[in-house]
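K.L.:
What follows is data38.pdb; its format and atoms are PDB, N, CA and C atoms and all ligand atoms.
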ATOM      1  N   MET A   1     -39.526 -49.459 -23.759  1.00  0.00           N
ATOM      2  CA  MET A   1     -38.757 -50.691 -23.545  1.00  0.00           C
ATOM      3  C   MET A   1     -37.496 -50.373 -22.728  1.00  0.00           C
ATOM      4  N   LYS A   2     -37.212 -51.228 -21.769  1.00  0.00           N
ATOM      5  CA  LYS A   2     -36.052 -51.003 -20.915  1.00  0.00           C
ATOM      6  C   LYS A   2     -34.762 -51.346 -21.645  1.00  0.00           C
ATOM      7  N   GLY A   3     -33.683 -50.685 -21.223  1.00  0.00           N
ATOM      8  CA  GLY A   3     -32.390 -50.946 -21.839  1.00  0.00           C
ATOM      9  C   GLY A   3     -31.553 -51.930 -21.062  1.00  0.00           C
ATOM     10  N   TYR A   4     -32.188 -52.680 -20.155  1.00  0.00           N
ATOM     11  CA  TYR A   4     -31.412 -53.624 -19.346  1.00  0.00           C
ATOM     12  C   TYR A   4     -32.291 -54.811 -18.980  1.00  0.00           C
ATOM     13  N   ASP A   5     -31.628 -55.890 -18.637  1.00  0.00           N
ATOM     14  CA  ASP A   5     -32.320 -57.080 -18.123  1.00  0.00           C
ATOM     15  C   ASP A   5     -31.763 -57.407 -16.753  1.00  0.00           C
ATOM     16  N   LEU A   6     -32.641 -57.830 -15.877  1.00  0.00           N
ATOM     17  CA  LEU A   6     -32.219 -58.358 -14.587  1.00  0.00           C
ATOM     18  C   LEU A   6     -31.980 -59.855 -14.780  1.00  0.00           C
ATOM     19  N   VAL A   7     -30.772 -60.290 -14.479  1.00  0.00           N
ATOM     20  CA  VAL A   7     -30.407 -61.692 -14.729  1.00  0.00           C
ATOM     21  C   VAL A   7     -29.980 -62.330 -13.414  1.00  0.00           C
ATOM     22  N   ILE A   8     -30.476 -63.540 -13.162  1.00  0.00           N
ATOM     23  CA  ILE A   8     -30.066 -64.232 -11.942  1.00  0.00           C
ATOM     24  C   ILE A   8     -29.285 -65.506 -12.294  1.00  0.00           C
ATOM     25  N   PHE A   9     -28.339 -65.823 -11.426  1.00  0.00           N
ATOM     26  CA  PHE A   9     -27.500 -67.011 -11.606  1.00  0.00           C
ATOM     27  C   PHE A   9     -27.789 -67.935 -10.421  1.00  0.00           C
ATOM     28  N   LYS A  10     -28.762 -68.788 -10.630  1.00  0.00           N
ATOM     29  CA  LYS A  10     -29.246 -69.625  -9.529  1.00  0.00           C
ATOM     30  C   LYS A  10     -28.172 -70.524  -8.944  1.00  0.00           C
ATOM     31  N   GLU A  11     -27.238 -70.926  -9.767  1.00  0.00           N
ATOM     32  CA  GLU A  11     -26.202 -71.839  -9.285  1.00  0.00           C
ATOM     33  C   GLU A  11     -25.312 -71.184  -8.236  1.00  0.00           C
ATOM     34  N   ARG A  12     -25.300 -69.837  -8.213  1.00  0.00           N
ATOM     35  CA  ARG A  12     -24.496 -69.132  -7.195  1.00  0.00           C
ATOM     36  C   ARG A  12     -25.344 -68.774  -5.977  1.00  0.00           C
ATOM     37  N   CYS A  13     -26.634 -68.621  -6.155  1.00  0.00           N
ATOM     38  CA  CYS A  13     -27.508 -68.098  -5.101  1.00  0.00           C
ATOM     39  C   CYS A  13     -27.654 -69.085  -3.952  1.00  0.00           C
ATOM     40  N   HIS A  14     -27.519 -68.581  -2.711  1.00  0.00           N
ATOM     41  CA  HIS A  14     -27.726 -69.429  -1.542  1.00  0.00           C
ATOM     42  C   HIS A  14     -28.973 -69.019  -0.763  1.00  0.00           C
ATOM     43  N   GLY A  15     -29.781 -68.160  -1.381  1.00  0.00           N
ATOM     44  CA  GLY A  15     -31.101 -67.879  -0.823  1.00  0.00           C
ATOM     45  C   GLY A  15     -31.133 -67.014   0.411  1.00  0.00           C
ATOM     46  N   CYS A  16     -30.122 -66.154   0.594  1.00  0.00           N
ATOM     47  CA  CYS A  16     -30.065 -65.350   1.825  1.00  0.00           C
ATOM     48  C   CYS A  16     -31.186 -64.317   1.902  1.00  0.00           C
ATOM     49  N   GLY A  17     -31.688 -63.857   0.768  1.00  0.00           N
ATOM     50  CA  GLY A  17     -32.768 -62.868   0.763  1.00  0.00           C
ATOM     51  C   GLY A  17     -32.299 -61.428   0.827  1.00  0.00           C
ATOM     52  N   ASN A  18     -31.007 -61.184   0.848  1.00  0.00           N
ATOM     53  CA  ASN A  18     -30.503 -59.796   0.908  1.00  0.00           C
ATOM     54  C   ASN A  18     -31.051 -58.956  -0.239  1.00  0.00           C
ATOM     55  N   CYS A  19     -31.064 -59.510  -1.430  1.00  0.00           N
ATOM     56  CA  CYS A  19     -31.528 -58.759  -2.601  1.00  0.00           C
ATOM     57  C   CYS A  19     -33.009 -58.433  -2.492  1.00  0.00           C
ATOM     58  N   VAL A  20     -33.765 -59.369  -1.981  1.00  0.00           N
ATOM     59  CA  VAL A  20     -35.219 -59.202  -1.841  1.00  0.00           C
ATOM     60  C   VAL A  20     -35.532 -58.037  -0.917  1.00  0.00           C
ATOM     61  N   VAL A  21     -34.791 -57.970   0.186  1.00  0.00           N
ATOM     62  CA  VAL A  21     -35.023 -56.922   1.174  1.00  0.00           C
ATOM     63  C   VAL A  21     -34.484 -55.575   0.690  1.00  0.00           C
ATOM     64  N   ALA A  22     -33.400 -55.601  -0.080  1.00  0.00           N
ATOM     65  CA  ALA A  22     -32.782 -54.354  -0.548  1.00  0.00           C
ATOM     66  C   ALA A  22     -33.592 -53.670  -1.637  1.00  0.00           C
ATOM     67  N   CYS A  23     -34.394 -54.407  -2.366  1.00  0.00           N
ATOM     68  CA  CYS A  23     -35.107 -53.855  -3.522  1.00  0.00           C
ATOM     69  C   CYS A  23     -36.176 -52.841  -3.099  1.00  0.00           C
ATOM     70  N   PRO A  24     -36.108 -51.601  -3.593  1.00  0.00           N
ATOM     71  CA  PRO A  24     -37.087 -50.590  -3.191  1.00  0.00           C
ATOM     72  C   PRO A  24     -38.490 -50.856  -3.722  1.00  0.00           C
ATOM     73  N   VAL A  25     -38.591 -51.607  -4.789  1.00  0.00           N
ATOM     74  CA  VAL A  25     -39.932 -51.970  -5.293  1.00  0.00           C
ATOM     75  C   VAL A  25     -40.543 -53.008  -4.358  1.00  0.00           C
ATOM     76  N   ASN A  26     -39.764 -54.011  -4.016  1.00  0.00           N
ATOM     77  CA  ASN A  26     -40.245 -55.010  -3.053  1.00  0.00           C
ATOM     78  C   ASN A  26     -40.617 -54.370  -1.728  1.00  0.00           C
ATOM     79  N   ALA A  27     -39.870 -53.331  -1.332  1.00  0.00           N
ATOM     80  CA  ALA A  27     -40.075 -52.709  -0.023  1.00  0.00           C
ATOM     81  C   ALA A  27     -41.443 -52.048   0.106  1.00  0.00           C
ATOM     82  N   GLN A  28     -42.094 -51.786  -1.014  1.00  0.00           N
ATOM     83  CA  GLN A  28     -43.429 -51.202  -0.950  1.00  0.00           C
ATOM     84  C   GLN A  28     -44.446 -52.209  -0.420  1.00  0.00           C
ATOM     85  N   ASP A  29     -44.065 -53.476  -0.424  1.00  0.00           N
ATOM     86  CA  ASP A  29     -44.927 -54.497   0.165  1.00  0.00           C
ATOM     87  C   ASP A  29     -44.430 -54.750   1.593  1.00  0.00           C
ATOM     88  N   PRO A  30     -45.231 -54.422   2.613  1.00  0.00           N
ATOM     89  CA  PRO A  30     -44.746 -54.537   3.996  1.00  0.00           C
ATOM     90  C   PRO A  30     -44.353 -55.951   4.389  1.00  0.00           C
ATOM     91  N   ASN A  31     -44.878 -56.935   3.693  1.00  0.00           N
ATOM     92  CA  ASN A  31     -44.536 -58.317   4.039  1.00  0.00           C
ATOM     93  C   ASN A  31     -43.130 -58.711   3.615  1.00  0.00           C
ATOM     94  N   THR A  32     -42.493 -57.857   2.836  1.00  0.00           N
ATOM     95  CA  THR A  32     -41.136 -58.156   2.378  1.00  0.00           C
ATOM     96  C   THR A  32     -40.101 -57.912   3.465  1.00  0.00           C
ATOM     97  N   TRP A  33     -40.377 -56.991   4.368  1.00  0.00           N
ATOM     98  CA  TRP A  33     -39.365 -56.609   5.349  1.00  0.00           C
ATOM     99  C   TRP A  33     -38.902 -57.776   6.185  1.00  0.00           C
ATOM    100  N   GLY A  34     -37.606 -57.942   6.237  1.00  0.00           N
ATOM    101  CA  GLY A  34     -37.001 -58.935   7.114  1.00  0.00           C
ATOM    102  C   GLY A  34     -37.209 -60.371   6.659  1.00  0.00           C
ATOM    103  N   GLY A  35     -37.736 -60.547   5.473  1.00  0.00           N
ATOM    104  CA  GLY A  35     -37.992 -61.913   5.036  1.00  0.00           C
ATOM    105  C   GLY A  35     -37.371 -62.209   3.694  1.00  0.00           C
ATOM    106  N   LYS A  36     -37.874 -63.216   3.052  1.00  0.00           N
ATOM    107  CA  LYS A  36     -37.335 -63.619   1.758  1.00  0.00           C
ATOM    108  C   LYS A  36     -38.300 -63.303   0.635  1.00  0.00           C
ATOM    109  N   GLY A  37     -39.269 -62.453   0.949  1.00  0.00           N
ATOM    110  CA  GLY A  37     -40.177 -62.014  -0.093  1.00  0.00           C
ATOM    111  C   GLY A  37     -41.610 -62.351   0.237  1.00  0.00           C
ATOM    112  N   SER A  38     -42.480 -61.471  -0.193  1.00  0.00           N
ATOM    113  CA  SER A  38     -43.880 -61.674   0.094  1.00  0.00           C
ATOM    114  C   SER A  38     -44.496 -62.595  -0.956  1.00  0.00           C
ATOM    115  N   LYS A  39     -45.683 -63.103  -0.667  1.00  0.00           N
ATOM    116  CA  LYS A  39     -46.382 -63.949  -1.637  1.00  0.00           C
ATOM    117  C   LYS A  39     -47.080 -63.110  -2.694  1.00  0.00           C
ATOM    118  N   SER A  40     -47.057 -61.784  -2.501  1.00  0.00           N
ATOM    119  CA  SER A  40     -47.655 -60.895  -3.484  1.00  0.00           C
ATOM    120  C   SER A  40     -46.986 -61.076  -4.838  1.00  0.00           C
ATOM    121  N   GLU A  41     -47.758 -60.880  -5.887  1.00  0.00           N
ATOM    122  CA  GLU A  41     -47.182 -60.947  -7.232  1.00  0.00           C
ATOM    123  C   GLU A  41     -46.600 -59.598  -7.645  1.00  0.00           C
ATOM    124  N   ASP A  42     -46.734 -58.586  -6.789  1.00  0.00           N
ATOM    125  CA  ASP A  42     -46.234 -57.256  -7.134  1.00  0.00           C
ATOM    126  C   ASP A  42     -44.847 -57.007  -6.579  1.00  0.00           C
ATOM    127  N   VAL A  43     -44.002 -58.001  -6.637  1.00  0.00           N
ATOM    128  CA  VAL A  43     -42.602 -57.860  -6.249  1.00  0.00           C
ATOM    129  C   VAL A  43     -41.742 -58.257  -7.449  1.00  0.00           C
ATOM    130  N   VAL A  44     -40.528 -57.736  -7.470  1.00  0.00           N
ATOM    131  CA  VAL A  44     -39.641 -58.061  -8.592  1.00  0.00           C
ATOM    132  C   VAL A  44     -39.027 -59.443  -8.396  1.00  0.00           C
ATOM    133  N   ILE A  45     -38.552 -59.690  -7.192  1.00  0.00           N
ATOM    134  CA  ILE A  45     -37.832 -60.929  -6.886  1.00  0.00           C
ATOM    135  C   ILE A  45     -38.272 -61.465  -5.527  1.00  0.00           C
ATOM    136  N   ARG A  46     -38.140 -62.762  -5.338  1.00  0.00           N
ATOM    137  CA  ARG A  46     -38.321 -63.361  -4.023  1.00  0.00           C
ATOM    138  C   ARG A  46     -37.584 -64.684  -3.993  1.00  0.00           C
ATOM    139  N   VAL A  47     -37.328 -65.184  -2.787  1.00  0.00           N
ATOM    140  CA  VAL A  47     -36.665 -66.476  -2.643  1.00  0.00           C
ATOM    141  C   VAL A  47     -37.741 -67.565  -2.572  1.00  0.00           C
ATOM    142  N   GLU A  48     -37.606 -68.540  -3.442  1.00  0.00           N
ATOM    143  CA  GLU A  48     -38.529 -69.681  -3.450  1.00  0.00           C
ATOM    144  C   GLU A  48     -37.712 -70.953  -3.484  1.00  0.00           C
ATOM    145  N   ASN A  49     -38.008 -71.868  -2.600  1.00  0.00           N
ATOM    146  CA  ASN A  49     -37.303 -73.156  -2.556  1.00  0.00           C
ATOM    147  C   ASN A  49     -35.791 -72.980  -2.511  1.00  0.00           C
ATOM    148  N   GLY A  50     -35.346 -71.950  -1.780  1.00  0.00           N
ATOM    149  CA  GLY A  50     -33.919 -71.812  -1.517  1.00  0.00           C
ATOM    150  C   GLY A  50     -33.115 -70.978  -2.483  1.00  0.00           C
ATOM    151  N   THR A  51     -33.759 -70.510  -3.565  1.00  0.00           N
ATOM    152  CA  THR A  51     -33.024 -69.629  -4.480  1.00  0.00           C
ATOM    153  C   THR A  51     -33.927 -68.502  -4.961  1.00  0.00           C
ATOM    154  N   VAL A  52     -33.275 -67.445  -5.443  1.00  0.00           N
ATOM    155  CA  VAL A  52     -34.026 -66.268  -5.875  1.00  0.00           C
ATOM    156  C   VAL A  52     -34.747 -66.558  -7.197  1.00  0.00           C
ATOM    157  N   GLU A  53     -35.947 -66.001  -7.306  1.00  0.00           N
ATOM    158  CA  GLU A  53     -36.758 -66.150  -8.520  1.00  0.00           C
ATOM    159  C   GLU A  53     -37.192 -64.776  -8.994  1.00  0.00           C
ATOM    160  N   LEU A  54     -37.267 -64.601 -10.310  1.00  0.00           N
ATOM    161  CA  LEU A  54     -37.855 -63.396 -10.875  1.00  0.00           C
ATOM    162  C   LEU A  54     -39.367 -63.562 -10.847  1.00  0.00           C
ATOM    163  N   VAL A  55     -40.052 -62.614 -10.234  1.00  0.00           N
ATOM    164  CA  VAL A  55     -41.519 -62.680 -10.173  1.00  0.00           C
ATOM    165  C   VAL A  55     -42.101 -61.725 -11.218  1.00  0.00           C
ATOM    166  N   LYS A  56     -41.763 -60.449 -11.107  1.00  0.00           N
ATOM    167  CA  LYS A  56     -42.233 -59.467 -12.089  1.00  0.00           C
ATOM    168  C   LYS A  56     -41.081 -58.565 -12.488  1.00  0.00           C
ATOM    169  N   PRO A  57     -40.232 -59.026 -13.378  1.00  0.00           N
ATOM    170  CA  PRO A  57     -39.079 -58.226 -13.770  1.00  0.00           C
ATOM    171  C   PRO A  57     -39.466 -56.898 -14.396  1.00  0.00           C
ATOM    172  N   GLU A  58     -40.681 -56.812 -14.930  1.00  0.00           N
ATOM    173  CA  GLU A  58     -41.111 -55.550 -15.544  1.00  0.00           C
ATOM    174  C   GLU A  58     -41.267 -54.425 -14.528  1.00  0.00           C
ATOM    175  N   LEU A  59     -41.345 -54.754 -13.234  1.00  0.00           N
ATOM    176  CA  LEU A  59     -41.430 -53.725 -12.200  1.00  0.00           C
ATOM    177  C   LEU A  59     -40.059 -53.172 -11.806  1.00  0.00           C
ATOM    178  N   CYS A  60     -39.002 -53.823 -12.232  1.00  0.00           N
ATOM    179  CA  CYS A  60     -37.644 -53.428 -11.840  1.00  0.00           C
ATOM    180  C   CYS A  60     -37.291 -52.060 -12.406  1.00  0.00           C
ATOM    181  N   GLY A  61     -36.799 -51.180 -11.522  1.00  0.00           N
ATOM    182  CA  GLY A  61     -36.403 -49.846 -11.956  1.00  0.00           C
ATOM    183  C   GLY A  61     -34.933 -49.726 -12.301  1.00  0.00           C
ATOM    184  N   GLY A  62     -34.190 -50.807 -12.154  1.00  0.00           N
ATOM    185  CA  GLY A  62     -32.793 -50.809 -12.555  1.00  0.00           C
ATOM    186  C   GLY A  62     -31.859 -50.069 -11.612  1.00  0.00           C
ATOM    187  N   CYS A  63     -32.239 -49.952 -10.341  1.00  0.00           N
ATOM    188  CA  CYS A  63     -31.430 -49.163  -9.402  1.00  0.00           C
ATOM    189  C   CYS A  63     -30.124 -49.846  -9.023  1.00  0.00           C
ATOM    190  N   GLY A  64     -30.087 -51.167  -9.087  1.00  0.00           N
ATOM    191  CA  GLY A  64     -28.861 -51.907  -8.762  1.00  0.00           C
ATOM    192  C   GLY A  64     -28.688 -52.250  -7.297  1.00  0.00           C
ATOM    193  N   ALA A  65     -29.663 -51.916  -6.454  1.00  0.00           N
ATOM    194  CA  ALA A  65     -29.528 -52.208  -5.018  1.00  0.00           C
ATOM    195  C   ALA A  65     -29.383 -53.709  -4.757  1.00  0.00           C
ATOM    196  N   CYS A  66     -30.097 -54.516  -5.515  1.00  0.00           N
ATOM    197  CA  CYS A  66     -30.010 -55.970  -5.324  1.00  0.00           C
ATOM    198  C   CYS A  66     -28.623 -56.483  -5.690  1.00  0.00           C
ATOM    199  N   VAL A  67     -28.057 -55.906  -6.731  1.00  0.00           N
ATOM    200  CA  VAL A  67     -26.723 -56.317  -7.183  1.00  0.00           C
ATOM    201  C   VAL A  67     -25.704 -56.026  -6.075  1.00  0.00           C
ATOM    202  N   GLU A  68     -25.813 -54.829  -5.498  1.00  0.00           N
ATOM    203  CA  GLU A  68     -24.897 -54.431  -4.421  1.00  0.00           C
ATOM    204  C   GLU A  68     -25.087 -55.306  -3.187  1.00  0.00           C
ATOM    205  N   ALA A  69     -26.330 -55.733  -2.942  1.00  0.00           N
ATOM    206  CA  ALA A  69     -26.634 -56.474  -1.711  1.00  0.00           C
ATOM    207  C   ALA A  69     -26.215 -57.936  -1.771  1.00  0.00           C
ATOM    208  N   CYS A  70     -26.014 -58.457  -2.968  1.00  0.00           N
ATOM    209  CA  CYS A  70     -25.725 -59.892  -3.095  1.00  0.00           C
ATOM    210  C   CYS A  70     -24.262 -60.184  -2.786  1.00  0.00           C
ATOM    211  N   PRO A  71     -24.000 -61.068  -1.829  1.00  0.00           N
ATOM    212  CA  PRO A  71     -22.610 -61.368  -1.455  1.00  0.00           C
ATOM    213  C   PRO A  71     -21.899 -62.293  -2.421  1.00  0.00           C
ATOM    214  N   VAL A  72     -22.625 -62.907  -3.325  1.00  0.00           N
ATOM    215  CA  VAL A  72     -21.997 -63.921  -4.188  1.00  0.00           C
ATOM    216  C   VAL A  72     -22.182 -63.640  -5.688  1.00  0.00           C
ATOM    217  N   ASP A  73     -22.516 -62.394  -6.012  1.00  0.00           N
ATOM    218  CA  ASP A  73     -22.674 -62.002  -7.434  1.00  0.00           C
ATOM    219  C   ASP A  73     -23.655 -62.893  -8.199  1.00  0.00           C
ATOM    220  N   ALA A  74     -24.768 -63.180  -7.571  1.00  0.00           N
ATOM    221  CA  ALA A  74     -25.742 -64.066  -8.215  1.00  0.00           C
ATOM    222  C   ALA A  74     -26.851 -63.298  -8.929  1.00  0.00           C
ATOM    223  N   ILE A  75     -26.785 -61.975  -8.920  1.00  0.00           N
ATOM    224  CA  ILE A  75     -27.810 -61.173  -9.585  1.00  0.00           C
ATOM    225  C   ILE A  75     -27.127 -59.991 -10.262  1.00  0.00           C
ATOM    226  N   LYS A  76     -27.498 -59.757 -11.501  1.00  0.00           N
ATOM    227  CA  LYS A  76     -26.819 -58.730 -12.304  1.00  0.00           C
ATOM    228  C   LYS A  76     -27.827 -57.950 -13.120  1.00  0.00           C
ATOM    229  N   LEU A  77     -27.454 -56.728 -13.456  1.00  0.00           N
ATOM    230  CA  LEU A  77     -28.179 -55.966 -14.461  1.00  0.00           C
ATOM    231  C   LEU A  77     -27.329 -55.993 -15.711  1.00  0.00           C
ATOM    232  N   VAL A  78     -27.897 -56.474 -16.791  1.00  0.00           N
ATOM    233  CA  VAL A  78     -27.158 -56.567 -18.041  1.00  0.00           C
ATOM    234  C   VAL A  78     -27.730 -55.535 -19.008  1.00  0.00           C
ATOM    235  N   VAL A  79     -26.887 -54.609 -19.445  1.00  0.00           N
ATOM    236  CA  VAL A  79     -27.327 -53.569 -20.364  1.00  0.00           C
ATOM    237  C   VAL A  79     -27.478 -54.157 -21.756  1.00  0.00           C
ATOM    238  N   ARG A  80     -28.587 -53.815 -22.406  1.00  0.00           N
ATOM    239  CA  ARG A  80     -28.856 -54.380 -23.743  1.00  0.00           C
ATOM    240  C   ARG A  80     -28.209 -53.578 -24.848  1.00  0.00           C
ATOM    241  N   TRP A  81     -28.012 -52.295 -24.607  1.00  0.00           N
ATOM    242  CA  TRP A  81     -27.354 -51.497 -25.661  1.00  0.00           C
ATOM    243  C   TRP A  81     -26.551 -50.400 -25.025  1.00  0.00           C
TER     244      TRP A  81
HETATM  245  S1  LIG A 101     -32.336 -53.350  -9.774  1.00  0.00           S
HETATM  246 FE1  LIG A 101     -33.384 -52.245  -8.093  1.00  0.00          FE
HETATM  247  S2  LIG A 101     -35.559 -52.312  -8.640  1.00  0.00           S
HETATM  248 FE2  LIG A 101     -34.537 -53.890  -9.882  1.00  0.00          FE
HETATM  249  S3  LIG A 101     -34.746 -55.793  -8.667  1.00  0.00           S
HETATM  250 FE3  LIG A 101     -32.757 -54.857  -8.166  1.00  0.00          FE
HETATM  251  S4  LIG A 101     -33.164 -53.625  -6.337  1.00  0.00           S
HETATM  252 FE4  LIG A 101     -35.164 -54.067  -7.302  1.00  0.00          FE
HETATM  253  S1  LIG A 102     -29.268 -63.495  -5.355  1.00  0.00           S
HETATM  254 FE1  LIG A 102     -27.665 -63.099  -3.829  1.00  0.00          FE
HETATM  255  S2  LIG A 102     -28.607 -61.699  -2.312  1.00  0.00           S
HETATM  256 FE2  LIG A 102     -30.255 -62.658  -3.521  1.00  0.00          FE
HETATM  257  S3  LIG A 102     -30.919 -64.438  -2.310  1.00  0.00           S
HETATM  258 FE3  LIG A 102     -29.379 -65.138  -3.807  1.00  0.00          FE
HETATM  259  S4  LIG A 102     -27.412 -65.037  -2.717  1.00  0.00           S
HETATM  260 FE4  LIG A 102     -28.867 -63.788  -1.549  1.00  0.00          FE
END
Spit out the file's structure as structure tokens when you get a sec.
Ligand code: SF4
Ligand code: SF4
P.N.:
Amino acid sequence: MKGYDLVIFKERCHGCGNCVVACPVNAQDPNTWGGKGSKSEDVVIRVENGTVELVKPELCGGCGACVEACPVDAIKLVVRW
């Protein structure tokens, strides 16, 4: 079991896709590059209808790249313990 949760704050997100592109798990899908996320279900996050969505949070490795990439603090890693 992971010791953290990936949490998104949709009310802050403006859908730029920076987090989607920065994520190394998403990057394994070539369709993610330069976009807002692939239609594959094997991505952690993608932009849908203008805001970021969690697709498969269980794939998240907790690296924090998405957190660093977000200009408006709309994505966080919250430690559970
Ligand atoms: S913490 Fe790392 S692995 Fe998890 S969604 Fe963000 S960039 Fe991807
Ligand atoms: S969470 Fe941040 S980096 Fe990701 S799409 Fe929204 S505004 Fe952009």
K.L.:
Exactly which residues make up the result of the PyMOL selection byres (((chain A and resi 80 and name CA) around 8) and not hetatm and name CA) on this file, given as a list in words?
P.N.:
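Checking the PyMOL selection byres (((chain A and resi 80 and name CA) around 8) and not hetatm and name CA) against this file, the residues are Gly3, Tyr4, Asp5, Val78, Val79 and Trp81 of chain A.
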K.L.:
When you draw a straight line from atom C of Ala74 (chain A) to atom FE2 of ligand LIG 102 (chain A), how long is it in Å?
P.N.:
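These two atoms are separated by 6.4 Å.
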K.L.:
Could you pull out the residues in chain A that DSSP calls helix (DSSP H, G or I) from the backbone, as JSON, numbers by chain?
P.N.:
{"A": [18, 19, 20, 21, 22, 26, 27, 28, 30, 31, 32, 57, 58, 59, 65, 66, 67, 68, 69]}
K.L.:
Which residue gives the smallest distance to Cys19 (chain A) among A:Cys66, A:Glu41, A:Gly50, A:Leu6, with only N, CA and C atoms counted?
P.N.:
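Of all the options, A:Cys66 lies closest to Cys19 (chain A).
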K.L.:
What's the separation between atom C of Cys63 (chain A) and CA of Val25 (chain A), in Å to one decimal place?
P.N.:
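If I compute the distance from atom C of Cys63 (chain A) to CA of Val25 (chain A), I get 10.7 Å.
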K.L.:
Taking all atoms listed in the file into account, which residues have an atom no farther than 6 Å from ligand LIG 102 (chain A)? I'd like them as a list of chain:residue names.
P.N.:
A:Arg12, A:Cys13, A:His14, A:Gly15, A:Cys16, A:Gly17, A:Asn18, A:Cys19, A:Val20, A:Thr51, A:Val52, A:Ala69, A:Cys70, A:Pro71, A:Val72, A:Asp73, A:Ala74, A:Ile75
K.L.:
Next, the residues of the selection above should be written as a PDB file, in the frame of the given file with N, CA and C atoms.
P.N.:
ATOM      1  N   ARG A  12     -25.300 -69.837  -8.213  1.00  0.00           N
ATOM      2  CA  ARG A  12     -24.496 -69.132  -7.195  1.00  0.00           C
ATOM      3  C   ARG A  12     -25.344 -68.774  -5.977  1.00  0.00           C
ATOM      4  N   CYS A  13     -26.634 -68.621  -6.155  1.00  0.00           N
ATOM      5  CA  CYS A  13     -27.508 -68.098  -5.101  1.00  0.00           C
ATOM      6  C   CYS A  13     -27.654 -69.085  -3.952  1.00  0.00           C
ATOM      7  N   HIS A  14     -27.519 -68.581  -2.711  1.00  0.00           N
ATOM      8  CA  HIS A  14     -27.726 -69.429  -1.542  1.00  0.00           C
ATOM      9  C   HIS A  14     -28.973 -69.019  -0.763  1.00  0.00           C
ATOM     10  N   GLY A  15     -29.781 -68.160  -1.381  1.00  0.00           N
ATOM     11  CA  GLY A  15     -31.101 -67.879  -0.823  1.00  0.00           C
ATOM     12  C   GLY A  15     -31.133 -67.014   0.411  1.00  0.00           C
ATOM     13  N   CYS A  16     -30.122 -66.154   0.594  1.00  0.00           N
ATOM     14  CA  CYS A  16     -30.065 -65.350   1.825  1.00  0.00           C
ATOM     15  C   CYS A  16     -31.186 -64.317   1.902  1.00  0.00           C
ATOM     16  N   GLY A  17     -31.688 -63.857   0.768  1.00  0.00           N
ATOM     17  CA  GLY A  17     -32.768 -62.868   0.763  1.00  0.00           C
ATOM     18  C   GLY A  17     -32.299 -61.428   0.827  1.00  0.00           C
ATOM     19  N   ASN A  18     -31.007 -61.184   0.848  1.00  0.00           N
ATOM     20  CA  ASN A  18     -30.503 -59.796   0.908  1.00  0.00           C
ATOM     21  C   ASN A  18     -31.051 -58.956  -0.239  1.00  0.00           C
ATOM     22  N   CYS A  19     -31.064 -59.510  -1.430  1.00  0.00           N
ATOM     23  CA  CYS A  19     -31.528 -58.759  -2.601  1.00  0.00           C
ATOM     24  C   CYS A  19     -33.009 -58.433  -2.492  1.00  0.00           C
ATOM     25  N   VAL A  20     -33.765 -59.369  -1.981  1.00  0.00           N
ATOM     26  CA  VAL A  20     -35.219 -59.202  -1.841  1.00  0.00           C
ATOM     27  C   VAL A  20     -35.532 -58.037  -0.917  1.00  0.00           C
ATOM     28  N   THR A  51     -33.759 -70.510  -3.565  1.00  0.00           N
ATOM     29  CA  THR A  51     -33.024 -69.629  -4.480  1.00  0.00           C
ATOM     30  C   THR A  51     -33.927 -68.502  -4.961  1.00  0.00           C
ATOM     31  N   VAL A  52     -33.275 -67.445  -5.443  1.00  0.00           N
ATOM     32  CA  VAL A  52     -34.026 -66.268  -5.875  1.00  0.00           C
ATOM     33  C   VAL A  52     -34.747 -66.558  -7.197  1.00  0.00           C
ATOM     34  N   ALA A  69     -26.330 -55.733  -2.942  1.00  0.00           N
ATOM     35  CA  ALA A  69     -26.634 -56.474  -1.711  1.00  0.00           C
ATOM     36  C   ALA A  69     -26.215 -57.936  -1.771  1.00  0.00           C
ATOM     37  N   CYS A  70     -26.014 -58.457  -2.968  1.00  0.00           N
ATOM     38  CA  CYS A  70     -25.725 -59.892  -3.095  1.00  0.00           C
ATOM     39  C   CYS A  70     -24.262 -60.184  -2.786  1.00  0.00           C
ATOM     40  N   PRO A  71     -24.000 -61.068  -1.829  1.00  0.00           N
ATOM     41  CA  PRO A  71     -22.610 -61.368  -1.455  1.00  0.00           C
ATOM     42  C   PRO A  71     -21.899 -62.293  -2.421  1.00  0.00           C
ATOM     43  N   VAL A  72     -22.625 -62.907  -3.325  1.00  0.00           N
ATOM     44  CA  VAL A  72     -21.997 -63.921  -4.188  1.00  0.00           C
ATOM     45  C   VAL A  72     -22.182 -63.640  -5.688  1.00  0.00           C
ATOM     46  N   ASP A  73     -22.516 -62.394  -6.012  1.00  0.00           N
ATOM     47  CA  ASP A  73     -22.674 -62.002  -7.434  1.00  0.00           C
ATOM     48  C   ASP A  73     -23.655 -62.893  -8.199  1.00  0.00           C
ATOM     49  N   ALA A  74     -24.768 -63.180  -7.571  1.00  0.00           N
ATOM     50  CA  ALA A  74     -25.742 -64.066  -8.215  1.00  0.00           C
ATOM     51  C   ALA A  74     -26.851 -63.298  -8.929  1.00  0.00           C
ATOM     52  N   ILE A  75     -26.785 -61.975  -8.920  1.00  0.00           N
ATOM     53  CA  ILE A  75     -27.810 -61.173  -9.585  1.00  0.00           C
ATOM     54  C   ILE A  75     -27.127 -59.991 -10.262  1.00  0.00           C
TER      55      ILE A  75
END
K.L.:
Please identify all protein, DNA and RNA residues within 8 Å of ligand LIG 101 (chain A), counting only N, CA and C atoms and all ligand atoms, and report them as a ChimeraX atom specification.
P.N.:
/A:6,19-27,43-45,56-57,59-69,75-77
K.L.:
Record the distance separating CA of Val7 (chain A) and CA of Glu53 (chain A), expressed in Å with one decimal.
P.N.:
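The value is 9.9 Å.
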K.L.:
Around all the atoms of region 6-19 of chain A listed in the file, draw an axis-aligned box and extend it by 4 Å on each of the six sides; I want its centre and edge lengths in Å to one decimal, as lines of an AutoDock Vina configuration file.
P.N.:
center_x = -28.8
center_y = -64.8
center_z = -7.0
size_x = 16.5
size_y = 22.0
size_z = 25.8
K.L.:
Taking the backbone alone, and naming residues the way the document does, which bits of chain A are strand (DSSP E) by DSSP, as a list in words?
P.N.:
Tyr4, Asp5, Leu6, Val7, Ile8, Ile45, Arg46, Val47, Glu48, Thr51, Val52, Glu53, Leu54, Ile75, Lys76, Leu77, Val78 and Val79 of chain A
